[in-house]
$ cat model-v6.txt   # compact mmCIF, C-alpha atoms
# COMPACT_ATOMS: atom_id res chain seq x y z
CA MET S 126 139.00 97.06 103.57
CA ALA S 127 135.22 97.11 103.17
CA THR S 128 134.85 98.56 106.66
CA LEU S 129 137.35 101.27 105.82
CA LYS S 130 135.54 102.07 102.58
CA LEU S 131 132.19 102.31 104.35
CA LEU S 132 133.78 104.44 107.05
CA LEU S 133 135.11 106.84 104.42
CA ILE S 134 131.69 107.02 102.75
CA THR S 135 130.07 107.75 106.12
CA VAL S 136 132.64 110.47 106.82
CA LEU S 137 132.03 112.04 103.39
CA ALA S 138 128.28 111.97 103.97
CA GLY S 139 128.76 113.44 107.45
CA LEU S 140 130.98 116.20 106.07
CA PHE S 141 128.45 117.13 103.40
CA PHE S 142 125.55 117.28 105.81
CA GLY S 143 127.63 118.79 108.59
CA LEU S 144 128.89 121.63 106.42
CA LEU S 145 126.21 122.26 103.82
CA VAL S 146 122.89 121.06 105.22
CA PHE S 147 123.10 121.63 108.96
CA GLY S 148 126.34 123.56 109.19
CA PRO S 149 127.97 126.93 108.56
CA PHE S 150 127.53 126.99 104.76
CA TYR S 151 123.79 126.28 104.78
CA ASP S 152 122.70 129.90 104.29
CA ARG S 153 125.21 130.71 101.55
CA PRO S 154 123.41 130.39 98.21
CA VAL S 155 126.62 130.68 96.17
CA VAL S 156 128.23 127.77 98.03
CA GLN S 157 125.04 125.74 97.67
CA ALA S 158 124.88 126.47 93.93
CA VAL S 159 128.52 125.40 93.52
CA ALA S 160 127.80 122.23 95.53
CA LEU S 161 124.83 121.42 93.33
CA GLY S 162 126.91 122.03 90.20
CA GLY S 163 129.60 119.76 91.62
CA VAL S 164 127.31 116.84 92.39
CA VAL S 165 125.57 117.20 89.02
CA LEU S 166 128.95 116.98 87.31
CA TRP S 167 130.03 114.06 89.49
CA ASN S 168 126.83 112.16 88.78
CA THR S 169 127.16 112.79 85.03
CA LEU S 170 130.75 111.54 85.03
CA ARG S 171 129.94 108.50 87.17
CA PHE S 172 126.68 107.55 85.40
CA SER S 173 125.40 109.55 82.46
CA TRP S 174 123.81 112.82 81.57
CA ARG S 175 120.52 110.97 81.08
CA SER S 176 120.63 109.63 84.62
CA THR S 177 121.38 113.11 85.99
CA LEU S 178 118.53 114.59 84.01
CA ALA S 179 116.14 111.92 85.29
CA LEU S 180 117.19 112.69 88.88
CA LEU S 181 116.70 116.40 88.37
CA LYS S 182 113.30 115.74 86.81
CA PHE S 183 112.40 113.66 89.84
CA CYS S 184 113.32 116.56 92.12
CA LEU S 185 111.48 119.14 90.06
CA PRO S 186 107.97 118.75 91.57
CA PHE S 187 109.40 118.95 95.11
CA VAL S 188 111.42 122.02 94.21
CA ALA S 189 108.42 123.58 92.46
CA SER S 190 106.14 123.07 95.47
CA LEU S 191 108.84 124.50 97.77
CA LEU S 192 109.02 127.57 95.53
CA VAL S 193 105.24 128.00 95.48
CA PHE S 194 105.05 127.88 99.29
CA GLY S 195 108.10 130.10 99.64
CA LEU S 196 106.59 132.74 97.36
CA ALA S 197 103.24 132.57 99.15
CA PHE S 198 104.87 132.89 102.59
CA GLN S 199 107.01 135.76 101.35
CA PHE S 200 103.98 137.51 99.90
CA LEU S 201 102.03 137.06 103.18
CA ARG S 202 105.09 137.90 105.27
CA LEU S 203 104.25 134.92 107.41
CA LEU S 204 105.32 135.17 111.09
CA GLY S 205 106.60 138.64 110.30
CA ARG S 206 109.55 137.22 108.40
CA ASP S 207 110.69 138.65 105.08
CA ASP S 208 113.42 136.11 104.33
CA TRP S 209 111.13 133.32 103.11
CA LEU S 210 112.23 133.61 99.51
CA ASN S 211 115.93 133.48 100.36
CA ASP S 212 115.36 130.48 102.63
CA THR S 213 113.29 128.73 99.96
CA LEU S 214 115.93 129.26 97.29
CA ILE S 215 118.53 127.68 99.54
CA LYS S 216 116.26 124.68 100.19
CA CYS S 217 115.68 124.37 96.44
CA LEU S 218 119.44 123.97 96.00
CA VAL S 219 120.07 121.83 99.08
CA PHE S 220 117.37 119.23 98.37
CA PRO S 221 118.58 118.03 94.93
CA SER S 222 122.26 118.28 95.81
CA SER S 223 121.92 116.16 98.97
CA LEU S 224 119.78 113.60 97.18
CA ILE S 225 122.23 113.24 94.28
CA TYR S 226 125.23 113.25 96.63
CA ILE S 227 123.84 110.41 98.75
CA LYS S 228 122.91 108.45 95.63
CA ILE S 229 126.48 108.77 94.30
CA LEU S 230 128.03 107.75 97.61
CA LEU S 231 125.75 104.72 97.96
CA SER S 232 126.64 103.62 94.44
CA TYR S 233 130.21 103.01 95.63
CA ILE S 234 129.03 100.36 98.09
CA THR S 235 129.09 96.94 96.41
CA TYR S 236 127.40 93.69 97.45
CA LEU S 237 130.84 92.27 98.28
CA ASP S 238 131.49 95.19 100.62
CA ILE S 239 128.28 94.38 102.47
CA LEU S 240 129.19 90.69 102.69
CA GLN S 241 132.54 91.56 104.22
CA LEU S 242 131.08 93.75 106.93
CA PRO S 243 131.59 92.49 110.51
CA ILE S 244 127.86 92.32 111.24
CA SER S 245 125.34 89.50 111.63
CA MET S 246 124.16 87.64 108.51
CA LYS S 247 120.62 88.89 109.11
CA ARG S 248 121.81 92.51 108.94
CA ARG S 249 123.82 91.72 105.79
CA VAL S 250 120.73 90.23 104.15
CA ASP S 251 118.75 93.32 105.14
CA LEU S 252 121.37 95.64 103.64
CA ILE S 253 121.72 93.60 100.43
CA THR S 254 117.95 93.55 100.03
CA MET S 255 117.68 97.29 100.53
CA LYS S 256 120.48 98.00 98.07
CA SER S 257 118.98 95.73 95.43
CA ALA S 258 115.48 97.17 95.83
CA PHE S 259 116.60 100.79 95.70
CA GLN S 260 118.83 100.13 92.69
CA ARG S 261 115.92 98.60 90.79
CA GLY S 262 113.65 101.33 92.08
CA GLY S 263 115.61 103.91 90.11
CA VAL S 264 115.02 101.97 86.88
CA MET S 265 111.38 101.33 87.70
CA LEU S 266 110.75 105.00 88.34
CA ARG S 267 111.14 105.79 84.64
CA ARG S 268 108.77 103.00 83.67
CA PHE S 269 106.21 104.03 86.29
CA SER S 270 106.39 107.58 85.04
CA TRP S 271 105.87 106.41 81.46
CA TYR S 272 102.83 104.32 82.40
CA LEU S 273 101.31 107.17 84.39
CA GLY S 274 101.67 109.34 81.29
CA THR S 275 99.46 106.93 79.34
CA TYR S 276 96.48 107.23 81.71
CA THR S 277 93.74 109.65 80.84
CA GLY S 278 93.08 112.52 83.25
CA ASP S 279 90.27 112.62 85.76
CA GLY S 280 87.70 114.85 84.03
CA GLU S 281 88.32 118.54 83.53
CA GLU S 282 91.26 118.90 85.85
CA ARG S 283 93.69 121.75 85.69
CA ARG S 284 97.13 120.94 84.38
CA LEU S 285 98.91 121.68 87.65
CA ARG S 286 96.49 119.54 89.67
CA ARG S 287 96.85 116.73 87.15
CA GLN S 288 100.64 116.96 87.39
CA MET S 289 100.54 116.93 91.19
CA LYS S 290 98.28 113.87 91.18
CA ARG S 291 100.55 112.15 88.73
CA PHE S 292 103.49 112.85 90.95
CA ALA S 293 101.62 111.53 93.99
CA CYS S 294 100.87 108.36 92.00
CA LEU S 295 104.55 108.02 91.14
CA VAL S 296 105.60 108.23 94.77
CA ILE S 297 102.90 105.75 95.89
CA ALA S 298 103.75 103.31 93.09
CA LEU S 299 107.43 103.47 93.99
CA TYR S 300 106.66 102.93 97.67
CA LEU S 301 104.43 99.92 96.92
CA TYR S 302 107.09 98.50 94.64
CA LEU S 303 109.91 98.93 97.15
CA TYR S 304 107.79 97.41 99.90
CA ASP S 305 107.04 94.33 97.78
CA GLU S 306 110.54 94.06 96.40
CA ILE S 307 112.25 94.32 99.79
CA GLU S 308 109.94 91.71 101.24
CA SER S 309 110.26 89.18 98.44
CA ALA S 310 114.00 89.70 97.84
CA GLY S 311 114.62 89.35 101.58
CA ARG S 312 112.65 86.11 101.69
CA LEU S 313 114.53 84.75 98.69
CA LEU S 314 117.96 85.56 100.12
CA GLU S 315 117.02 84.15 103.52
CA ASN S 316 115.77 80.97 101.86
CA ARG S 317 118.94 80.51 99.77
CA TYR S 318 121.14 81.17 102.75
CA ARG S 319 119.32 78.60 104.90
CA HIS S 320 119.33 76.12 102.02
CA LEU S 321 123.11 76.39 101.89
CA GLY S 322 123.25 75.53 105.57
CA GLY S 323 123.79 79.02 106.87
CA LYS S 324 123.04 79.80 110.48
CA GLU S 325 122.35 83.06 112.19
CA LYS S 326 125.67 84.55 113.35
CA MET F 190 93.18 109.22 63.09
CA MET F 191 95.52 107.53 60.68
CA ILE F 192 99.05 106.34 61.21
CA PRO F 193 100.28 106.92 57.69
CA PRO F 194 102.36 104.44 55.72
CA GLY F 195 106.09 105.04 55.89
CA ARG F 196 109.22 104.35 57.83
CA TYR F 197 109.34 104.65 61.59
CA PRO F 198 112.89 104.45 62.91
CA VAL F 199 113.44 103.90 66.63
CA PRO F 200 117.26 104.14 66.76
CA GLU F 201 117.56 103.84 70.55
CA ARG F 202 116.06 100.34 70.28
CA GLY F 203 117.94 99.43 67.11
CA LEU F 204 114.73 99.11 65.08
CA ASP F 205 113.48 100.60 61.85
CA PHE F 206 109.85 99.86 61.00
CA ASP F 207 108.46 99.84 57.51
CA LEU F 208 104.71 100.26 57.46
CA PRO F 209 103.53 99.80 53.85
CA ASP F 210 99.85 100.29 54.72
CA GLY F 211 98.55 102.93 57.11
CA LEU F 212 96.73 102.07 60.31
CA ALA F 213 93.27 103.56 60.72
CA VAL F 214 91.98 104.39 64.18
CA SER F 215 88.43 105.55 63.66
CA ARG F 216 84.84 104.97 64.73
CA ASP F 217 84.68 101.86 62.55
CA PRO F 218 85.37 98.92 64.84
CA VAL F 219 88.65 97.26 63.97
CA CYS F 220 90.90 94.84 65.78
CA TYR F 221 94.59 94.65 64.87
CA LEU F 222 96.07 91.31 65.84
CA VAL F 223 99.80 91.87 66.20
CA SER F 224 102.07 88.90 65.64
CA GLY F 225 105.72 88.16 64.92
CA ASP F 226 108.82 86.68 66.51
CA ASN F 227 110.32 87.94 69.73
CA GLY F 228 112.75 90.80 69.27
CA PHE F 229 111.00 92.21 66.20
CA GLY F 230 109.73 95.22 68.14
CA LYS F 231 106.01 94.63 68.56
CA THR F 232 106.00 96.33 71.97
CA THR F 233 108.33 99.08 70.78
CA PHE F 234 106.05 99.78 67.81
CA LEU F 235 103.00 100.02 70.08
CA GLU F 236 104.72 102.25 72.61
CA LYS F 237 106.86 104.44 70.36
CA VAL F 238 104.67 104.70 67.29
CA VAL F 239 101.01 103.90 68.03
CA ILE F 240 100.79 105.32 71.57
CA ALA F 241 102.92 108.33 70.60
CA ALA F 242 100.48 109.04 67.72
CA LEU F 243 97.44 108.63 69.98
CA GLN F 244 98.94 110.99 72.54
CA LYS F 245 99.81 113.51 69.85
CA GLU F 246 96.23 113.47 68.61
CA GLY F 247 94.88 113.59 72.16
CA LEU F 248 92.90 110.39 71.64
CA PRO F 249 92.17 108.66 74.94
CA PHE F 250 93.24 105.03 75.10
CA LEU F 251 93.84 102.14 77.46
CA TYR F 252 97.10 100.22 77.45
CA LEU F 253 97.93 97.05 79.32
CA GLY F 254 101.62 96.43 78.89
CA GLN F 255 103.57 93.25 78.70
CA ASP F 256 105.17 94.06 82.07
CA ILE F 257 101.78 94.09 83.72
CA ARG F 258 103.32 93.33 87.15
CA THR F 259 105.10 96.67 86.95
CA GLN F 260 102.06 98.47 85.60
CA LEU F 261 99.88 97.18 88.42
CA TYR F 262 101.79 99.32 90.92
CA THR F 263 100.85 102.40 88.95
CA LEU F 264 97.22 101.29 88.59
CA ARG F 265 96.95 100.72 92.33
CA ALA F 266 98.48 104.15 92.99
CA LEU F 267 96.27 105.84 90.38
CA LEU F 268 93.05 104.36 91.72
CA SER F 269 93.93 105.15 95.33
CA VAL F 270 94.71 108.77 94.44
CA ARG F 271 91.33 108.90 92.69
CA GLY F 272 89.65 107.76 95.89
CA ALA F 273 88.99 104.09 95.14
CA ALA F 274 89.35 101.52 97.93
CA VAL F 275 92.12 99.30 96.58
CA SER F 276 93.42 97.79 99.77
CA GLY F 277 93.26 94.00 99.57
CA VAL F 278 91.89 94.11 96.01
CA ASP F 279 93.41 91.40 93.79
CA ASP F 280 95.18 92.26 90.52
CA GLU F 281 92.44 91.15 88.16
CA ARG F 282 89.81 93.15 90.02
CA LEU F 283 92.18 96.12 90.01
CA VAL F 284 92.33 96.06 86.22
CA GLU F 285 88.52 95.82 86.08
CA MET F 286 88.19 98.83 88.39
CA TRP F 287 90.58 100.82 86.22
CA ILE F 288 88.68 99.93 83.05
CA ALA F 289 85.35 100.82 84.70
CA ARG F 290 86.70 104.25 85.72
CA SER F 291 88.94 105.22 82.81
CA GLY F 292 87.54 103.08 80.04
CA PRO F 293 84.40 104.97 79.00
CA ALA F 294 86.51 107.94 77.90
CA ALA F 295 88.69 105.73 75.69
CA ASP F 296 88.20 104.55 72.10
CA VAL F 297 91.32 102.46 71.73
CA PHE F 298 92.57 99.51 73.77
CA LEU F 299 96.07 98.11 73.40
CA LEU F 300 96.78 94.74 75.00
CA ASP F 301 100.36 93.55 74.88
CA GLU F 302 100.55 89.81 75.58
CA TYR F 303 97.96 90.22 78.27
CA ASP F 304 96.86 86.65 77.48
CA LYS F 305 99.95 85.48 79.41
CA TYR F 306 98.26 86.91 82.44
CA LEU F 307 94.57 86.47 81.71
CA PRO F 308 93.88 83.74 79.13
CA ASP F 309 90.20 84.53 78.70
CA PHE F 310 89.50 87.96 77.23
CA GLY F 311 85.72 87.37 77.06
CA THR F 312 84.85 89.36 80.19
CA LEU F 313 87.29 92.09 79.22
CA PHE F 314 85.71 92.51 75.77
CA ARG F 315 82.19 92.56 77.22
CA ARG F 316 83.17 95.29 79.69
CA CYS F 317 84.61 97.42 76.88
CA ASP F 318 81.86 96.70 74.39
CA ALA F 319 80.18 100.08 74.80
CA PHE F 320 83.20 102.27 74.16
CA ILE F 321 86.21 100.60 72.53
CA ARG F 322 86.30 100.90 68.74
CA THR F 323 89.88 99.86 68.05
CA TYR F 324 91.91 97.07 69.57
CA PHE F 325 95.60 96.33 69.18
CA ILE F 326 96.23 92.85 70.55
CA VAL F 327 99.74 91.41 70.72
CA SER F 328 99.81 87.67 71.21
CA HIS F 329 101.78 84.56 70.38
CA LEU F 330 98.67 82.44 70.69
CA ASP F 331 96.08 81.61 68.08
CA PRO F 332 94.32 84.97 67.59
CA ALA F 333 90.98 83.25 67.04
CA HIS F 334 90.79 82.73 70.82
CA ILE F 335 91.41 86.30 71.83
CA ARG F 336 89.43 88.39 69.40
CA PRO F 337 86.50 90.64 70.11
CA ASP F 338 83.11 89.98 68.52
CA PRO F 339 83.90 89.03 64.87
CA GLU F 340 80.44 90.19 63.79
CA ARG F 341 81.16 93.71 64.92
CA PHE F 342 84.91 94.11 64.52
CA ARG F 343 86.85 93.93 61.29
CA HIS F 344 90.00 91.96 62.02
CA ARG F 345 93.39 92.73 60.56
CA ARG F 346 96.61 90.92 61.23
CA LEU F 347 99.76 93.01 61.64
CA HIS F 348 102.63 90.64 61.11
CA PHE F 349 106.15 91.77 62.01
CA GLU F 350 108.87 90.21 59.90
CA LEU F 351 112.57 90.82 59.51
CA ALA F 352 113.29 92.52 56.20
CA GLY F 353 117.02 92.90 56.77
CA ARG F 354 119.77 94.15 59.01
CA ASP F 355 121.98 97.19 58.82
CA GLY F 356 124.67 96.68 61.44
CA ALA F 357 122.87 96.62 64.76
CA VAL F 358 119.65 97.97 63.27
CA LYS F 359 116.88 95.54 62.37
CA HIS F 360 114.60 96.55 59.52
CA ILE F 361 111.14 95.27 60.30
CA ARG F 362 108.35 95.13 57.75
CA ILE F 363 104.83 95.23 59.16
CA ARG F 364 102.61 93.27 56.82
CA GLN F 365 98.89 93.89 57.07
CA GLU F 366 96.62 91.03 56.04
CA GLU F 367 93.40 89.19 56.72
CA PRO F 368 93.97 87.08 59.83
CA TRP F 369 92.15 84.07 58.41
CA PRO F 370 90.26 83.35 55.19
CA ARG F 371 86.73 84.76 55.10

$ encode --input "model-v6.txt" --output "structure tokens"
Amino acid sequence: MATLKLLLITVLAGLFFGLLVFGPFYDRPVVQAVALGGVVLWNTLRFSWRSTLALLKFCLPFVASLLVFGLAFQFLRLLGRDDWLNDTLIKCLVFPSSLIYIKILLSYITYLDILQLPISMKRRVDLITMKSAFQRGGVMLRRFSWYLGTYTGDGEERRLRRQMKRFACLVIALYLYLYDEIESAGRLLENRYRHLGGKEK
Amino acid sequence: MMIPPGRYPVPERGLDFDLPDGLAVSRDPVCYLVSGDNGFGKTTFLEKVVIAALQKEGLPFLYLGQDIRTQLYTLRALLSVRGAAVSGVDDERLVEMWIARSGPAADVFLLDEYDKYLPDFGTLFRRCDAFIRTYFIVSHLDPAHIRPDPERFRHRRLHFELAGRDGAVKHIRIRQEEPWPR
């Protein structure tokens, strides 16, 4: 059952990426906008509006920097192309929708599903550790962001630069956290498993 | 800056604070020793009322939260983005580096149960001697052990006590008093 469920999730992910990200609907802004609206609605129904808003806020700096580069390339007509803006707008829709879509799909995978998978115990521990760390990472992100908001700026920096630095800090903090969390949670699970007499299968 | 007397509801945390006396944050050195039982919203008051007021006024401050382990990730990231070599630096040294870099711009220092992590505040106070004018220190320990120079700082105790309940909302009175007889 768990294998079937994971298979279905993989197929759904493959369909999304195959059709909207790398496939025939990639360059159709209307389809992309509808897809984004759909995943936003799905996320709100599955979690909450607050969670959706936090995800969109997380995407905002990436989307903003994409837009800035897109506008600059369009203005400069880089490589002789004049479709930079159109391409950028599509990417601005694709990025958040694929991120939210994957997050929703992953949320359907439970720890029990992982335990029932026909793979080695070591792989199961790896997957459980990753799931646990990334789940907590989402919660930590808000706290990290709050803390970063309490730190004073570095001298007379411009607002945009300050925001970009803050965002860089957020990404680094999250990376450091996930690295630590995955390592320590993995060790803990491994230890418990061995303590209970488990052997590598 | 003054946090005026009044009620400060924080509905999302189920708390409603009653502050009968205002809190002054000025050039006159003062140390607020925050005490009270767990669950009475000491951290919430610091984060949602005091820090919010400082941010609104644009007053630079330092805050070491109760979840210091979480905060350390952000400090490490912040310092590395600002060009400091933080690789292999232990947590205590990391906090020192942050204070050395960000501290001089700040007037206010809020320490939320930091004594759980670092029992001796002596070095910390000495490092901040030149710039910090106001401390907020949350602790369950005897405040006499974690206070800055009593000759220089006026000490006030902010004691959180339960005044009543209204459904799920706790009404918390914040009593301000002398921490010990003069």

$ interface_residues --input "model-v6.txt" --of "chain F" --to "chain S" --cutoff "9 Å" --atoms "all atoms listed in the file" --output "list in words"
Ile240, Gln244, Pro249, Phe250, Leu251, Tyr252, Gly254, Thr259, Gln260, Leu261, Tyr262, Thr263, Leu264, Arg265, Ala266, Leu267, Leu268, Ser269, Val270, Arg271, Ser291, Ala294 and Ala295 of chain F

$ residues_around --input "model-v6.txt" --residues "region 181-196 of chain S" --least-positions-apart "3" --cutoff "7 Å" --atoms "all atoms listed in the file" --output "PyMOL selection string"
chain S and resi 177-178+199-200+209-210+213+217+221

$ atom_distance --input "model-v6.txt" --atom1 "CA of Tyr236 (chain S)" --atom2 "CA of Leu313 (chain S)"
15.7 Å

$ residues_around --input "model-v6.txt" --residues "His329 (chain F)" --least-positions-apart "5" --cutoff "12 Å" --atoms "all atoms listed in the file" --output "ChimeraX atom specification"
/F:222-227,231,301-305,308,334-335,348-349

$ atom_distance --input "model-v6.txt" --atom1 "CA of Leu161 (chain S)" --atom2 "CA of Leu218 (chain S)"
6.5 Å

$ atom_distance --input "model-v6.txt" --atom1 "CA of Tyr226 (chain S)" --atom2 "CA of Phe259 (chain S)"
15.2 Å

$ decode --input "model-v6.txt" --residues "region 245-258 of chain F" --atoms "N, CA and C atoms" --output "tab-separated table (two decimals), in the first residue's frame"
chain	number	residue	atom	x	y	z
F	245	LYS	N	9.68	49.83	16.95
F	245	LYS	CA	8.84	50.94	16.47
F	245	LYS	C	9.56	52.27	16.63
F	246	GLU	N	10.29	52.39	17.73
F	246	GLU	CA	11.03	53.62	18.01
F	246	GLU	C	12.38	53.67	17.28
F	247	GLY	N	12.76	52.55	16.67
F	247	GLY	CA	14.04	52.48	15.98
F	247	GLY	C	15.22	52.47	16.93
F	248	LEU	N	15.00	52.00	18.15
F	248	LEU	CA	16.09	51.94	19.13
F	248	LEU	C	16.86	50.62	18.97
F	249	PRO	N	18.16	50.71	18.70
F	249	PRO	CA	18.91	49.46	18.53
F	249	PRO	C	19.05	48.69	19.84
F	250	PHE	N	18.95	47.39	19.76
F	250	PHE	CA	19.01	46.56	20.97
F	250	PHE	C	19.66	45.22	20.66
F	251	LEU	N	20.01	44.51	21.70
F	251	LEU	CA	20.51	43.14	21.57
F	251	LEU	C	19.53	42.24	22.29
F	252	TYR	N	19.27	41.08	21.71
F	252	TYR	CA	18.36	40.14	22.36
F	252	TYR	C	18.94	38.74	22.26
F	253	LEU	N	19.09	38.11	23.41
F	253	LEU	CA	19.48	36.70	23.43
F	253	LEU	C	18.28	35.92	23.95
F	254	GLY	N	17.68	35.15	23.08
F	254	GLY	CA	16.43	34.48	23.42
F	254	GLY	C	16.62	33.22	24.23
F	255	GLN	N	15.51	32.75	24.73
F	255	GLN	CA	15.53	31.54	25.55
F	255	GLN	C	15.94	30.33	24.70
F	256	ASP	N	15.53	30.35	23.42
F	256	ASP	CA	15.91	29.26	22.51
F	256	ASP	C	17.22	29.62	21.82
F	257	ILE	N	18.23	29.80	22.66
F	257	ILE	CA	19.53	30.27	22.15
F	257	ILE	C	20.10	29.32	21.10
F	258	ARG	N	19.83	28.00	21.26
F	258	ARG	CA	20.36	27.03	20.28
F	258	ARG	C	19.85	27.36	18.88
